[in-house]
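**Student:** Before I ask anything, let me first share the structure, which is written out below as structure tokens.
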Amino acid sequence: MLNSPRVCVQVQSIYVESQSIPEEERFVFAYTITIRNLGRFSVQLLRRYWLITNSNGRQTEVQGEGVIGEQPLILPGNEFHYTSGAILETPLGTMEGHYEMVAQDGETFRVPVPVFRLAIPTLIN
């Protein structure tokens, strides 16, 4: 495909203190993703892949169909937001991954999600 789809991903993460139990090594984080279609054609999110790493180096892979039970179709110039979460055994970790998407012409492509931090506020410098 000569004009590959232009898709931008932004992430914001927060620590969910009310659901966390640090003494039991349970640290809950929420993250909000914004996927923007900057191209001229519709794109649809088909699958997701995440690599979650805690500060002990333990890695967990998560993959599946769509996000939050949806496979959103994102029209040109539009965006899709969703919020999800992760539970770690440590107060600090990272997530990274990609979305598998399909363009209007039927060609599939990947949109990388660069590494982002999951950290309780007292650890952020």
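Going through the structure tokens in order, the chains are called A, B, and so on, while each chain numbers its residues from 1 and the ligands are numbered from 1 in the order shown.
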Give the strand (DSSP E or B) residues of chain A, as assigned by DSSP on the backbone, as a PyMOL selection string.

**Tutor:** chain A and resi 7-15+21+26-37+43-54+59-65+67+70+73-74+79-88+92-103+108-119

**Student:** Do you know which residues are at most 8 Å from Arg110 in chain A counting only C-alpha atoms, after dropping those on the same chain fewer than 2 positions away, and could you put them as a list in words?

**Tutor:** His98, Tyr99, Glu100, Met101, Thr108 and Pro112 of chain A

**Student:** Write out, as an mmCIF file, in the first residue's frame, the residues just selected, with all heavy atoms.

**Tutor:**
data_model
loop_
_atom_site.group_PDB
_atom_site.id
_atom_site.type_symbol
_atom_site.label_atom_id
_atom_site.label_comp_id
_atom_site.auth_asym_id
_atom_site.auth_seq_id
_atom_site.Cartn_x
_atom_site.Cartn_y
_atom_site.Cartn_z
ATOM 1 N N HIS A 98 1.057 -3.390 20.418
ATOM 2 C CA HIS A 98 0.605 -2.913 19.114
ATOM 3 C C HIS A 98 -0.855 -3.301 18.896
ATOM 4 O O HIS A 98 -1.397 -4.160 19.589
ATOM 5 C CB HIS A 98 1.478 -3.471 17.976
ATOM 6 C CG HIS A 98 1.414 -4.963 17.838
ATOM 7 N ND1 HIS A 98 2.358 -5.797 18.370
ATOM 8 C CD2 HIS A 98 0.505 -5.772 17.226
ATOM 9 C CE1 HIS A 98 2.040 -7.046 18.097
ATOM 10 N NE2 HIS A 98 0.924 -7.064 17.406
ATOM 11 N N TYR A 99 -1.441 -2.611 17.938
ATOM 12 C CA TYR A 99 -2.773 -2.949 17.463
ATOM 13 C C TYR A 99 -2.641 -3.488 16.050
ATOM 14 O O TYR A 99 -1.843 -2.977 15.268
ATOM 15 C CB TYR A 99 -3.686 -1.716 17.430
ATOM 16 C CG TYR A 99 -3.940 -1.125 18.791
ATOM 17 C CD1 TYR A 99 -3.512 0.154 19.092
ATOM 18 C CD2 TYR A 99 -4.605 -1.847 19.768
ATOM 19 C CE1 TYR A 99 -3.749 0.702 20.341
ATOM 20 C CE2 TYR A 99 -4.844 -1.310 21.014
ATOM 21 C CZ TYR A 99 -4.414 -0.028 21.296
ATOM 22 O OH TYR A 99 -4.640 0.512 22.529
ATOM 23 N N GLU A 100 -3.406 -4.521 15.737
ATOM 24 C CA GLU A 100 -3.517 -4.982 14.356
ATOM 25 C C GLU A 100 -4.785 -4.364 13.808
ATOM 26 O O GLU A 100 -5.858 -4.480 14.415
ATOM 27 C CB GLU A 100 -3.582 -6.508 14.290
ATOM 28 C CG GLU A 100 -2.264 -7.155 14.652
ATOM 29 C CD GLU A 100 -2.309 -8.660 14.541
ATOM 30 O OE1 GLU A 100 -3.081 -9.191 13.701
ATOM 31 O OE2 GLU A 100 -1.572 -9.311 15.294
ATOM 32 N N MET A 101 -4.637 -3.686 12.675
ATOM 33 C CA MET A 101 -5.758 -2.958 12.094
ATOM 34 C C MET A 101 -5.912 -3.348 10.628
ATOM 35 O O MET A 101 -5.001 -3.916 10.033
ATOM 36 C CB MET A 101 -5.533 -1.460 12.249
ATOM 37 C CG MET A 101 -5.323 -1.048 13.701
ATOM 38 S SD MET A 101 -5.239 0.723 13.946
ATOM 39 C CE MET A 101 -6.959 1.059 14.247
ATOM 40 N N THR A 108 -4.058 -5.345 6.022
ATOM 41 C CA THR A 108 -3.840 -5.256 7.462
ATOM 42 C C THR A 108 -2.485 -4.617 7.740
ATOM 43 O O THR A 108 -1.557 -4.721 6.940
ATOM 44 C CB THR A 108 -3.911 -6.640 8.136
ATOM 45 O OG1 THR A 108 -2.933 -7.484 7.561
ATOM 46 C CG2 THR A 108 -5.296 -7.255 7.987
ATOM 47 N N PRO A 112 2.201 0.452 16.297
ATOM 48 C CA PRO A 112 2.907 0.223 17.552
ATOM 49 C C PRO A 112 2.409 1.154 18.654
ATOM 50 O O PRO A 112 2.026 2.301 18.386
ATOM 51 C CB PRO A 112 4.360 0.525 17.202
ATOM 52 C CG PRO A 112 4.307 1.387 15.994
ATOM 53 C CD PRO A 112 3.041 1.056 15.272
#

**Student:** Considering only C-alpha atoms, return as an mmCIF file with C-alpha atoms, in the first residue's frame whatever protein or nucleic-acid residues lie within 8 Å of Ile87 in chain A, sequence-local ones (same chain, fewer than 3 positions apart) excluded.

**Tutor:**
data_model
loop_
_atom_site.group_PDB
_atom_site.id
_atom_site.type_symbol
_atom_site.label_atom_id
_atom_site.label_comp_id
_atom_site.auth_asym_id
_atom_site.auth_seq_id
_atom_site.Cartn_x
_atom_site.Cartn_y
_atom_site.Cartn_z
ATOM 1 C CA ARG A 26 -1.559 -5.629 44.371
ATOM 2 C CA PHE A 27 -1.082 -2.393 42.456
ATOM 3 C CA VAL A 28 -3.929 -1.425 40.114
ATOM 4 C CA PHE A 29 -3.421 0.931 37.188
#

**Student:** Show which residues sit within 7 Å of range 14-16 of chain A, as an NGL selection string. Count only C-alpha atoms, and ignore same-chain residues fewer than 4 positions away.

**Tutor:** :A and (20 or 28-31 or 119-120)

**Student:** Got time to write the residues from that selection, N, CA and C atoms, as a PDB file, in the first residue's frame?

**Tutor:**
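The resulting part35.pdb:
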ATOM      1  N   SER A  20      -6.130  -0.802  45.014  1.00  0.00           N
ATOM      2  CA  SER A  20      -4.817  -1.407  45.248  1.00  0.00           C
ATOM      3  C   SER A  20      -4.671  -1.814  46.712  1.00  0.00           C
ATOM      4  N   VAL A  28      -2.994  -1.508  41.226  1.00  0.00           N
ATOM      5  CA  VAL A  28      -3.929  -1.425  40.114  1.00  0.00           C
ATOM      6  C   VAL A  28      -3.703  -0.112  39.358  1.00  0.00           C
ATOM      7  N   PHE A  29      -3.621  -0.228  38.051  1.00  0.00           N
ATOM      8  CA  PHE A  29      -3.421   0.931  37.188  1.00  0.00           C
ATOM      9  C   PHE A  29      -4.508   0.955  36.125  1.00  0.00           C
ATOM     10  N   ALA A  30      -4.928   2.158  35.767  1.00  0.00           N
ATOM     11  CA  ALA A  30      -5.851   2.346  34.648  1.00  0.00           C
ATOM     12  C   ALA A  30      -5.108   3.133  33.578  1.00  0.00           C
ATOM     13  N   TYR A  31      -5.414   2.837  32.346  1.00  0.00           N
ATOM     14  CA  TYR A  31      -4.817   3.606  31.251  1.00  0.00           C
ATOM     15  C   TYR A  31      -5.907   3.936  30.237  1.00  0.00           C
ATOM     16  N   ALA A 119       3.087   3.603  37.256  1.00  0.00           N
ATOM     17  CA  ALA A 119       3.835   3.908  38.477  1.00  0.00           C
ATOM     18  C   ALA A 119       2.948   4.603  39.491  1.00  0.00           C
ATOM     19  N   ILE A 120       3.131   4.241  40.775  1.00  0.00           N
ATOM     20  CA  ILE A 120       2.413   4.981  41.803  1.00  0.00           C
ATOM     21  C   ILE A 120       3.028   6.374  41.874  1.00  0.00           C
TER      22      ILE A 120
END

**Student:** Give me the residues within 12 Å of Gln71 in chain A as a PyMOL selection string, counting only C-alpha atoms and dropping any in the same chain fewer than 6 places off.

**Tutor:** chain A and resi 43-48+64-65+80+82+99-102
